file input_5.cif (mmCIF, C-alpha atoms)
data_run
loop_
_atom_site.label_atom_id
_atom_site.label_comp_id
_atom_site.auth_asym_id
_atom_site.auth_seq_id
_atom_site.Cartn_x
_atom_site.Cartn_y
_atom_site.Cartn_z
CA MET I 1 20.42 -143.52 -84.17
CA GLN I 2 22.19 -140.18 -84.12
CA THR I 3 20.92 -136.60 -84.03
CA TYR I 4 21.65 -136.21 -87.76
CA ASP I 5 19.80 -139.17 -89.31
CA MET I 6 16.31 -139.70 -90.73
CA LEU I 7 15.12 -141.94 -87.90
CA PHE I 8 15.92 -139.31 -85.28
CA LEU I 9 14.52 -136.37 -87.23
CA PHE I 10 11.24 -137.82 -88.51
CA ALA I 11 10.43 -140.58 -86.03
CA PHE I 12 12.06 -140.11 -82.64
CA LEU I 13 12.10 -136.32 -82.29
CA PRO I 14 8.40 -135.59 -83.08
CA VAL I 15 7.18 -138.35 -80.75
CA TYR I 16 9.63 -137.38 -78.03
CA MET I 17 8.80 -133.65 -78.14
CA GLY I 18 5.08 -134.48 -78.11
CA LEU I 19 5.48 -136.56 -74.97
CA PHE I 20 7.73 -133.89 -73.49
CA ALA I 21 5.10 -131.19 -74.08
CA ILE I 22 2.26 -133.06 -72.37
CA THR I 23 4.37 -134.21 -69.41
CA PRO I 24 4.12 -132.03 -66.25
CA PRO I 25 7.31 -129.96 -65.77
CA LYS I 26 8.29 -131.77 -62.58
CA ARG I 27 8.10 -135.13 -64.38
CA ARG I 28 9.95 -134.15 -67.53
CA ALA I 29 13.25 -135.45 -66.22
CA TRP I 30 11.75 -138.94 -66.58
CA THR I 31 10.92 -138.20 -70.23
CA ILE I 32 14.49 -137.01 -70.87
CA ALA I 33 15.93 -140.08 -69.13
CA LEU I 34 13.69 -142.35 -71.22
CA GLY I 35 14.80 -140.53 -74.37
CA ASN I 36 18.42 -141.02 -73.33
CA LEU I 37 17.81 -144.74 -72.85
CA VAL I 38 16.13 -145.08 -76.26
CA ILE I 39 19.05 -143.31 -77.94
CA ALA I 40 21.53 -145.51 -76.08
CA ALA I 41 19.60 -148.71 -76.88
CA SER I 42 19.46 -147.77 -80.56
CA CYS I 43 23.26 -147.89 -80.52
CA GLY I 44 23.15 -151.39 -79.02
CA LEU I 45 22.26 -153.07 -75.75
CA ARG I 46 25.89 -152.77 -74.63
CA CYS I 47 25.68 -148.99 -74.92
CA ALA I 48 22.44 -148.97 -72.93
CA ALA I 49 24.04 -151.16 -70.26
CA VAL I 50 27.03 -148.79 -69.97
CA TYR I 51 24.65 -145.84 -69.61
CA VAL I 52 22.62 -147.54 -66.87
CA ILE I 53 25.72 -148.73 -64.98
CA CYS I 54 27.39 -145.31 -65.10
CA THR I 55 24.21 -143.60 -63.91
CA ALA I 56 23.80 -146.05 -61.01
CA VAL I 57 27.43 -145.70 -59.95
CA CYS I 58 27.25 -141.89 -60.06
CA TYR I 59 23.95 -141.84 -58.17
CA PHE I 60 25.09 -143.88 -55.17
CA SER I 61 28.63 -142.47 -55.20
CA GLY I 62 27.40 -138.88 -55.27
CA ILE I 63 25.15 -139.44 -52.26
CA ALA I 64 27.93 -141.16 -50.32
CA ILE I 65 30.48 -138.45 -51.16
CA TYR I 66 28.10 -135.67 -50.15
CA ASN I 67 27.11 -137.36 -46.88
CA MET I 68 30.80 -137.66 -45.87
CA ARG I 69 31.58 -133.98 -46.56
CA ASN I 70 31.82 -132.98 -42.87
CA ASN I 71 33.45 -136.18 -41.61
CA GLU I 72 37.22 -135.68 -41.46
CA GLN I 73 37.77 -139.35 -40.67
CA ARG I 74 36.12 -140.30 -43.97
CA LYS I 75 38.05 -137.75 -46.03
CA THR I 76 40.30 -140.42 -47.55
CA TRP I 77 37.31 -142.60 -48.41
CA ARG I 78 35.61 -139.63 -49.99
CA LYS I 79 38.58 -138.87 -52.23
CA ALA I 80 39.00 -142.53 -53.13
CA LEU I 81 35.34 -142.80 -54.14
CA ALA I 82 35.59 -139.70 -56.31
CA ALA I 83 38.81 -140.98 -57.88
CA GLY I 84 37.16 -144.33 -58.60
CA ASN I 85 34.31 -142.63 -60.46
CA ILE I 86 36.76 -140.55 -62.48
CA LEU I 87 38.71 -143.70 -63.40
CA LEU I 88 35.47 -145.40 -64.47
CA ALA I 89 34.62 -142.41 -66.65
CA ALA I 90 38.12 -142.47 -68.17
CA ALA I 91 37.76 -146.20 -68.91
CA VAL I 92 34.41 -145.59 -70.64
CA LEU I 93 35.98 -142.79 -72.68
CA LEU I 94 38.96 -144.90 -73.74
CA LEU I 95 37.11 -148.14 -74.42
CA CYS I 96 33.63 -147.08 -75.58
CA SER I 97 34.17 -143.79 -77.42
CA PRO I 98 34.62 -144.00 -81.22
CA ARG I 99 37.69 -141.84 -80.72
CA GLY I 100 39.15 -144.06 -77.99
CA VAL I 101 41.33 -147.16 -78.17
CA ALA I 102 41.00 -148.88 -81.57
CA MET I 103 40.52 -152.61 -80.89
CA PRO I 104 38.22 -154.97 -82.85
CA ALA I 105 36.94 -156.56 -79.62
CA LEU I 106 35.67 -153.15 -78.44
CA MET I 107 33.76 -152.22 -81.60
CA PRO I 108 30.33 -153.33 -80.23
CA PHE I 109 30.73 -150.74 -77.44
CA LYS I 110 31.66 -147.82 -79.68
CA THR I 111 29.08 -145.05 -79.90
CA ALA I 112 29.21 -141.25 -80.06
CA LEU I 113 27.03 -140.97 -76.95
CA LEU I 114 29.85 -142.48 -74.89
CA ALA I 115 32.29 -139.77 -75.96
CA VAL I 116 30.48 -137.12 -73.89
CA LEU I 117 28.82 -139.19 -71.16
CA PRO I 118 32.15 -139.69 -69.28
CA LEU I 119 32.73 -135.93 -69.15
CA ASN I 120 29.24 -135.45 -67.69
CA MET I 121 30.07 -138.10 -65.08
CA ILE I 122 33.27 -136.35 -64.09
CA SER I 123 31.52 -132.98 -63.90
CA TYR I 124 28.84 -134.29 -61.54
CA ILE I 125 31.23 -136.14 -59.23
CA ILE I 126 33.69 -133.25 -58.99
CA ASP I 127 30.94 -130.67 -58.39
CA VAL I 128 29.53 -132.79 -55.54
CA THR I 129 33.01 -133.43 -54.11
CA ARG I 130 33.74 -129.70 -54.10
CA CYS I 131 30.32 -129.04 -52.53
CA ASP I 132 29.48 -126.76 -55.44
CA CYS I 133 26.10 -128.50 -55.42
CA GLU I 134 24.21 -131.08 -53.41
CA ALA I 135 24.09 -134.74 -54.37
CA GLN I 136 21.20 -135.56 -56.67
CA THR I 137 18.70 -137.82 -54.93
CA ASN I 138 16.29 -137.88 -57.86
CA VAL I 139 17.62 -140.64 -60.08
CA ALA I 140 15.63 -139.41 -63.10
CA GLN I 141 17.24 -135.95 -62.99
CA LEU I 142 20.72 -137.43 -62.75
CA ALA I 143 20.01 -139.94 -65.54
CA ALA I 144 18.66 -137.09 -67.67
CA TYR I 145 21.91 -135.17 -67.27
CA ILE I 146 24.42 -138.03 -67.48
CA GLY I 147 23.26 -139.26 -70.88
CA PHE I 148 21.59 -136.14 -72.24
CA PHE I 149 21.12 -137.14 -75.89
CA PRO I 150 21.85 -133.79 -77.56
CA THR I 151 25.46 -134.26 -76.39
CA ALA I 152 26.16 -137.01 -78.93
CA GLY I 153 29.19 -136.57 -81.17
CA TYR I 154 31.44 -133.62 -80.37
CA GLY I 155 29.21 -131.99 -77.79
CA PRO I 156 28.14 -129.70 -76.32
CA VAL I 157 29.59 -130.77 -72.96
CA TYR I 158 27.57 -129.49 -70.01
CA ARG I 159 28.85 -128.73 -66.51
CA TYR I 160 26.45 -130.14 -63.93
CA LYS I 161 26.43 -127.15 -61.58
CA THR I 162 25.27 -124.84 -64.39
CA VAL I 163 22.39 -126.99 -65.70
CA GLN I 164 21.15 -128.93 -62.66
CA SER I 165 18.19 -126.62 -62.05
CA SER I 166 17.06 -126.94 -65.68
CA PHE I 167 16.70 -130.71 -65.38
CA ALA I 168 14.62 -130.35 -62.20
CA GLU I 169 11.78 -128.56 -63.98
CA PRO I 170 12.33 -127.80 -67.70
CA LYS I 171 9.99 -125.08 -68.95
CA PRO I 172 10.09 -124.68 -72.73
CA ASP I 173 8.02 -122.04 -74.49
CA ALA I 174 7.25 -120.99 -78.05
CA GLY I 175 10.25 -118.67 -78.24
CA LYS I 176 12.69 -121.29 -77.00
CA LEU I 177 11.18 -123.90 -79.29
CA SER I 178 11.59 -121.63 -82.32
CA GLU I 179 15.16 -120.72 -81.37
CA GLY I 180 16.07 -124.34 -80.71
CA ILE I 181 14.65 -125.51 -84.04
CA ARG I 182 16.67 -122.82 -85.80
CA TYR I 183 19.94 -123.90 -84.18
CA TYR I 184 19.21 -127.58 -84.78
CA ILE I 185 18.35 -127.15 -88.48
CA MET I 186 21.44 -125.02 -89.10
CA GLY I 187 23.64 -127.64 -87.48
CA LEU I 188 21.87 -130.50 -89.25
CA ALA I 189 22.27 -128.87 -92.67
CA ALA I 190 25.94 -128.14 -92.06
CA TYR I 191 26.57 -131.71 -90.95
CA VAL I 192 24.72 -133.75 -93.58
CA VAL I 193 25.46 -131.46 -96.53
CA VAL I 194 29.08 -130.48 -95.84
CA ALA I 195 30.66 -132.53 -93.05
CA VAL I 196 29.46 -135.91 -94.32
CA ARG I 197 30.68 -135.18 -97.84
CA LEU I 198 34.08 -134.05 -96.57
CA ALA I 199 34.34 -137.22 -94.47
CA GLU I 200 33.60 -139.29 -97.59
CA LEU I 201 36.34 -137.48 -99.51
CA HIS I 202 38.79 -138.07 -96.66
CA GLN I 203 37.99 -141.78 -96.59
CA GLU I 204 38.42 -141.88 -100.36
CA LEU I 205 41.96 -140.57 -99.99
CA LEU I 206 42.76 -143.06 -97.24
CA ALA I 207 41.64 -145.89 -99.55
CA THR I 208 43.77 -144.61 -102.44
CA SER I 209 47.05 -146.33 -103.19
CA ALA I 210 50.26 -144.54 -102.24
CA SER I 211 51.31 -144.40 -105.90
CA GLN I 212 48.41 -142.03 -106.63
CA LEU I 213 48.26 -140.27 -103.27
CA ARG I 214 51.11 -137.82 -103.69
CA GLY I 215 51.80 -134.11 -103.85
CA GLY I 216 48.79 -131.93 -104.56
CA ALA I 217 46.21 -134.58 -103.69
CA VAL I 218 47.63 -134.94 -100.18
CA TRP I 219 47.82 -131.19 -99.62
CA MET I 220 44.23 -130.81 -100.80
CA GLY I 221 43.24 -133.75 -98.63
CA THR I 222 44.73 -132.04 -95.59
CA LEU I 223 42.54 -129.01 -96.25
CA VAL I 224 39.54 -131.33 -96.64
CA TYR I 225 40.32 -132.92 -93.28
CA TYR I 226 40.56 -129.55 -91.54
CA ALA I 227 37.31 -128.26 -93.04
CA GLY I 228 35.52 -131.54 -92.31
CA PHE I 229 36.65 -131.68 -88.71
CA GLY I 230 35.76 -128.06 -88.00
CA THR I 231 32.35 -128.39 -89.63
CA SER I 232 31.59 -131.59 -87.68
CA VAL I 233 32.41 -129.96 -84.35
CA ILE I 234 30.48 -126.76 -85.01
CA ALA I 235 27.49 -128.64 -86.47
CA SER I 236 27.40 -130.98 -83.45
CA VAL I 237 27.43 -128.04 -81.04
CA PHE I 238 24.68 -126.29 -83.02
CA MET I 239 22.48 -129.41 -83.08
CA GLY I 240 23.05 -130.20 -79.41
CA HIS I 241 22.48 -126.63 -78.29
CA GLY I 242 19.32 -126.39 -80.39
CA LEU I 243 17.86 -129.60 -78.99
CA ALA I 244 18.62 -128.47 -75.44
CA VAL I 245 17.01 -125.05 -75.98
CA MET I 246 13.91 -126.72 -77.47
CA GLN I 247 13.45 -128.53 -74.15
CA GLY I 248 14.01 -125.46 -71.99
CA ILE I 249 17.46 -126.51 -70.76
CA ARG I 250 19.50 -123.41 -69.89
CA THR I 251 22.95 -124.21 -71.22
CA GLY I 252 24.46 -120.75 -71.41
CA HIS I 253 26.10 -119.12 -74.41
CA CYS I 254 27.70 -121.70 -76.74
CA PHE I 255 28.85 -119.44 -79.59
CA ARG I 256 31.12 -116.43 -79.52
CA ARG I 257 33.45 -115.90 -82.45
CA ARG I 258 35.63 -113.04 -83.71
CA PHE I 259 37.07 -112.92 -87.21
CA MET I 260 40.13 -110.96 -86.04
CA GLN I 261 41.26 -113.03 -83.05
CA PRO I 262 45.00 -112.59 -82.40
CA VAL I 263 45.16 -114.74 -79.23
CA VAL I 264 45.58 -118.46 -79.97
CA GLU I 265 44.08 -119.53 -76.62
CA ARG I 266 40.94 -117.47 -77.20
CA ARG I 267 40.64 -118.80 -80.74
CA LEU I 268 40.68 -122.33 -79.36
CA ARG I 269 38.08 -121.38 -76.76
CA GLU I 270 35.76 -119.90 -79.39
CA PHE I 271 36.02 -123.05 -81.48
CA ASN I 272 34.14 -125.11 -78.86
CA LEU I 273 33.09 -122.95 -75.92
CA PRO I 274 31.36 -125.67 -73.84
CA LEU I 275 34.36 -128.02 -73.98
CA CYS I 276 36.82 -125.26 -73.12
CA ARG I 277 34.71 -124.22 -70.13
CA TRP I 278 34.68 -127.84 -68.99
CA LEU I 279 38.47 -128.12 -69.35
CA ARG I 280 38.96 -124.85 -67.46
CA ASP I 281 36.80 -125.96 -64.53
CA TYR I 282 37.99 -129.56 -64.21
CA VAL I 283 41.57 -129.50 -65.51
CA THR I 284 43.12 -126.02 -65.53
CA MET I 285 41.77 -124.66 -62.25
CA PRO I 286 42.40 -127.83 -60.17
CA LEU I 287 45.98 -127.91 -61.44
CA ARG I 288 46.39 -124.23 -60.57
CA ARG I 289 45.07 -124.86 -57.05
CA ALA I 290 47.53 -127.73 -56.75
CA GLY I 291 50.40 -125.31 -57.30
CA ILE I 292 51.01 -125.94 -61.02
CA ALA I 293 52.05 -122.84 -62.96
CA ALA I 294 49.39 -121.30 -65.21
CA PRO I 295 51.18 -122.07 -68.53
CA ALA I 296 51.65 -125.72 -67.57
CA ALA I 297 48.04 -126.08 -66.40
CA THR I 298 46.76 -124.53 -69.62
CA ALA I 299 49.03 -126.75 -71.70
CA ALA I 300 47.72 -129.86 -69.91
CA ALA I 301 44.11 -128.84 -70.61
CA ILE I 302 44.89 -128.21 -74.29
CA LEU I 303 46.62 -131.57 -74.62
CA LEU I 304 43.73 -133.45 -72.98
CA GLY I 305 41.25 -131.59 -75.17
CA ALA I 306 43.13 -132.58 -78.32
CA LEU I 307 43.25 -136.23 -77.27
CA TRP I 308 39.51 -136.13 -76.52
CA TYR I 309 38.90 -135.22 -80.13
CA ASP I 310 40.95 -138.21 -81.23
CA LEU I 311 43.27 -140.53 -79.31
CA SER I 312 46.09 -140.77 -81.87
CA VAL I 313 49.69 -139.78 -82.41
CA GLY I 314 48.57 -137.07 -84.83
CA TRP I 315 46.32 -135.41 -82.27
CA LEU I 316 48.96 -135.77 -79.59
CA ALA I 317 51.22 -133.74 -81.87
CA ALA I 318 48.37 -131.28 -82.41
CA GLY I 319 47.98 -130.80 -78.66
CA LEU I 320 51.69 -130.30 -78.16
CA LEU I 321 51.84 -127.76 -80.99
CA LEU I 322 48.91 -125.75 -79.63
CA ALA I 323 50.23 -125.89 -76.07
CA ALA I 324 53.63 -124.63 -77.24
CA ALA I 325 52.03 -121.84 -79.29
CA VAL I 326 49.83 -120.68 -76.39
CA THR I 327 52.79 -120.75 -73.97
CA VAL I 328 55.12 -118.83 -76.30
CA GLN I 329 52.49 -116.24 -77.16
CA GLY I 330 51.66 -115.78 -73.48
CA LYS I 331 55.29 -115.10 -72.63
CA LEU I 332 55.77 -112.72 -75.55
CA ALA I 333 52.57 -110.76 -74.97
CA LYS I 334 52.68 -110.72 -71.14
CA GLY I 335 49.06 -109.62 -70.95
CA GLN I 336 49.45 -106.81 -73.49
CA LYS I 337 47.32 -106.56 -76.62
CA PRO I 338 49.21 -106.48 -79.92
CA ALA I 339 49.55 -103.08 -81.55
CA GLU I 340 46.78 -102.17 -84.02
CA PRO I 341 48.92 -102.57 -87.19
CA PHE I 342 49.92 -106.08 -86.13
CA ILE I 343 46.44 -107.42 -85.26
CA VAL I 344 45.83 -108.63 -88.82
CA ILE I 345 49.21 -110.38 -88.94
CA VAL I 346 48.85 -111.97 -85.51
CA SER I 347 45.26 -113.05 -86.25
CA ALA I 348 46.41 -114.70 -89.47
CA ALA I 349 49.18 -116.43 -87.54
CA ALA I 350 46.64 -117.75 -85.02
CA LYS I 351 44.55 -119.19 -87.85
CA VAL I 352 47.61 -120.83 -89.42
CA ILE I 353 48.62 -122.38 -86.08
CA THR I 354 45.17 -123.89 -85.50
CA PHE I 355 45.12 -125.21 -89.07
CA ALA I 356 48.57 -126.75 -88.64
CA ALA I 357 47.48 -128.40 -85.40
CA VAL I 358 44.37 -130.01 -86.90
CA ALA I 359 46.37 -130.98 -89.98
CA CYS I 360 48.60 -133.10 -87.73
CA GLY I 361 45.71 -135.54 -87.44
CA ALA I 362 45.41 -135.80 -91.22
CA VAL I 363 49.16 -136.15 -91.72
CA TRP I 364 49.33 -139.03 -89.25
CA GLU I 365 46.51 -140.89 -91.00
CA TYR I 366 48.12 -140.40 -94.39
CA ILE I 367 51.67 -141.42 -93.49
CA SER I 368 50.86 -144.40 -91.27
CA GLY I 369 50.79 -147.57 -93.31
CA LYS I 370 51.52 -145.84 -96.62
CA ALA I 371 54.65 -144.18 -97.96
CA GLY I 372 55.57 -141.90 -95.07
CA LEU I 373 56.34 -138.24 -95.57
CA ALA I 374 57.22 -138.93 -99.20
CA LEU I 375 53.50 -138.55 -99.87
CA PHE I 376 53.94 -134.80 -99.60
CA GLY I 377 56.54 -134.75 -102.34
CA SER I 378 55.76 -133.40 -105.78
CA GLY I 379 55.06 -135.44 -108.86
CA SER I 380 51.93 -137.55 -108.79
CA THR I 381 52.05 -140.56 -111.06
CA ASP I 382 48.45 -139.90 -112.05
CA ASP I 383 47.58 -136.22 -112.40
CA SER I 384 44.06 -137.08 -113.48
CA PHE I 385 43.33 -138.35 -109.96
CA PHE I 386 44.34 -135.00 -108.46
CA TYR I 387 42.17 -132.98 -110.86
CA THR I 388 39.20 -135.30 -110.31
CA PHE I 389 39.59 -135.14 -106.54
CA PHE I 390 40.10 -131.37 -106.61
CA GLY I 391 36.94 -130.87 -108.66
CA GLU I 392 34.89 -132.93 -106.20
CA ALA I 393 36.41 -131.40 -103.09
CA VAL I 394 36.68 -127.69 -103.83
CA LEU I 395 33.04 -126.68 -103.24
CA PRO I 396 32.40 -128.61 -99.97
CA THR I 397 35.84 -127.56 -98.72
CA VAL I 398 35.11 -123.87 -99.30
CA LEU I 399 31.74 -124.26 -97.56
CA GLY I 400 33.44 -126.08 -94.69
CA LEU I 401 36.06 -123.37 -94.33
CA VAL I 402 33.34 -120.69 -94.22
CA ILE I 403 31.47 -122.62 -91.52
CA THR I 404 34.65 -123.41 -89.58
CA GLY I 405 35.97 -119.87 -89.78
CA SER I 406 34.40 -116.89 -88.08
CA LEU I 407 33.70 -114.83 -91.21
CA LEU I 408 30.06 -116.00 -91.56
CA HIS I 409 29.36 -115.34 -87.88
CA SER I 410 30.82 -111.84 -88.14
CA LEU I 411 28.77 -111.03 -91.26
CA ILE I 412 25.52 -112.18 -89.63
CA ASN I 413 26.23 -109.99 -86.60
CA ARG I 414 26.64 -106.97 -88.89
CA MET I 415 23.45 -107.60 -90.87
CA ASN I 416 20.14 -105.80 -90.32
CA LEU I 417 18.62 -108.27 -87.86
CA ARG I 418 15.06 -107.10 -88.55
CA TRP I 419 15.27 -108.18 -92.19
CA PHE I 420 17.28 -111.25 -91.24
CA LYS I 421 14.54 -112.43 -88.87
CA LEU I 422 11.90 -112.00 -91.56
CA VAL I 423 13.57 -114.50 -93.86
CA LEU I 424 14.55 -116.96 -91.12
CA PRO I 425 11.45 -119.19 -91.36
CA LEU I 426 11.92 -119.57 -95.14
CA THR I 427 15.64 -120.17 -94.68
CA GLU I 428 14.96 -122.86 -92.11
CA LEU I 429 12.58 -124.66 -94.47
CA VAL I 430 15.14 -124.51 -97.28
CA PHE I 431 17.89 -125.86 -95.02
CA LEU I 432 15.60 -128.63 -93.76
CA ALA I 433 14.65 -129.62 -97.32
CA ILE I 434 18.28 -129.69 -98.42
CA ALA I 435 19.34 -131.70 -95.35
CA THR I 436 16.49 -134.18 -95.90
CA ALA I 437 17.45 -134.63 -99.55
CA TYR I 438 21.05 -135.40 -98.55
CA MET I 439 19.94 -137.83 -95.86
CA VAL I 440 17.72 -139.66 -98.37
CA ARG I 441 20.70 -139.86 -100.71
#

call {"tool": "encode", "arguments": {"input": "input_5.cif", "output": "structure tokens"}}
result
Amino acid sequence: MQTYDMLFLFAFLPVYMGLFAITPPKRRAWTIALGNLVIAASCGLRCAAVYVICTAVCYFSGIAIYNMRNNEQRKTWRKALAAGNILLAAAVLLLCSPRGVAMPALMPFKTALLAVLPLNMISYIIDVTRCDCEAQTNVAQLAAYIGFFPTAGYGPVYRYKTVQSSFAEPKPDAGKLSEGIRYYIMGLAAYVVVAVRLAELHQELLATSASQLRGGAVWMGTLVYYAGFGTSVIASVFMGHGLAVMQGIRTGHCFRRRFMQPVVERRLREFNLPLCRWLRDYVTMPLRRAGIAAPAATAAAILLGALWYDLSVGWLAAGLLLAAAVTVQGKLAKGQKPAEPFIVIVSAAAKVITFAAVACGAVWEYISGKAGLALFGSGSTDDSFFYTFFGEAVLPTVLGLVITGSLLHSLINRMNLRWFKLVLPLTELVFLAIATAYMVR
């Protein structure tokens, strides 16, 4: 069960929100933890076992680490315990995430929930180790945070120190419920209508023989991959943020996009704000405090972020490309904004760089096991395949590019919000109907 399927939308969510509403605020952490467990168990008993084990390890480790904070003789033990938890989280990420190590023996453990759970573990342990917050002695509140079910898929990723108070006593209201439903439906529609179709088209290309998969079809397929990936990430963040807001969880601002964004690093940050905040707090800043130069620390965070999206050679290349682009631009700009006439050019360059980086993932999937880079040569042996594929892909790709880009967000910000709010309820119903029809299909 995922946040974008029929079972979640029409069976789990209504029952869960009903129980959540009648539960006293101080006991709602238990409801969230139970919801987490149901979601995990729906992905298999192995997933549920990993969730329970990780929660138990974090619970006892956090208390032990916090209790040793003023004991200099236990400083080494404290660091070792924190490092052990981080290694456990890394192992879960590598072995149990769908985007981790690809081994047939590990397939029963693969679930989207376990792509984000390790990052929540690391956030909690590091925040307690730094004394940014106290150890959580309420196991329900910690369990609620560690496996918070809206964080399935690509996020959002929550930092413990910023949301801990929300899990202690969630207080939803009618306004938050309405806002959360709006975000969730928008993300759901984008995912099931656009992202799923683009994923199907991508899989169709991967299953096509190398004799047909040449030239224009591959170039179009690369655009499909980029639009599908961007839509999946943004839709996941929208759904997760909406579900959190519905429950009164204060997650902070998750969306901030500019159409004319000349700085590559800021464009990456706007693409997935929660993940970039997490990387800044737990990768970039610790490396800076350890004496690593700012460009190197930023490059390391970018590389780890790319590999979190997908552990593959293609995404390793994507991370290296983005890290190089951010470093070069930082040295050329030296903190100065580009001149007004060049903003359009530099913004276009930033968009091309991010597209090229994501395209590395598609290129690697196409060339591995097929005909290598010759796939990108001209001259398809079957032009009818290209025209058929192009006809099927053009509309969802355009929609995906609009969602992935920042043009739609900029237009909405410029609209008359009074009239926009009047049509929102009708728009939400239309989106929900369309999403339901696609899920039934």

call {"tool": "resolve_selection", "arguments": {"input": "input_5.cif", "expression": "the PyMOL selection byres ((chain I and resi 250) around 12)", "output": "VMD selection string"}}
result
chain I and resid 158 to 172 176 180 241 to 249 251 to 254

call {"tool": "closest_atom_pairs", "arguments": {"input": "input_5.cif", "of": "range 247-342 of chain I", "to": "range 219-230 of chain I", "cutoff": "12 Å", "atoms": "all atoms listed in the file", "output": "JSON lines"}}
result
{"residue": "I:Leu268", "atom": "CA", "partner": "I:Gly230", "partner_atom": "CA", "distance": 11.5}
{"residue": "I:Glu270", "atom": "CA", "partner": "I:Gly230", "partner_atom": "CA", "distance": 11.9}
{"residue": "I:Phe271", "atom": "CA", "partner": "I:Gly230", "partner_atom": "CA", "distance": 8.2}
{"residue": "I:Asn272", "atom": "CA", "partner": "I:Gly230", "partner_atom": "CA", "distance": 9.7}
{"residue": "I:Tyr309", "atom": "CA", "partner": "I:Phe229", "partner_atom": "CA", "distance": 9.6}
{"residue": "I:Asp310", "atom": "CA", "partner": "I:Phe229", "partner_atom": "CA", "distance": 10.8}

call {"tool": "residues_around", "arguments": {"input": "input_5.cif", "residues": "Thr31 in chain I", "least_positions_apart": "6", "cutoff": "9 Å", "atoms": "all atoms listed in the file", "output": "ChimeraX atom specification"}}
result
/I:16,19-20,23,140,144

call {"tool": "resolve_selection", "arguments": {"input": "input_5.cif", "expression": "the PyMOL selection byres ((chain I and resi 324) around 12)", "output": "JSON, numbers by chain"}}
result
{"I": [264, 265, 295, 296, 298, 299, 300, 302, 303, 317, 318, 319, 320, 321, 322, 323, 325, 326, 327, 328, 329, 330, 331, 353, 354, 357]}

call {"tool": "resolve_selection", "arguments": {"input": "input_5.cif", "expression": "the PyMOL selection byres ((chain I and resi 69) around 10)", "output": "count of residues only"}}
result
15
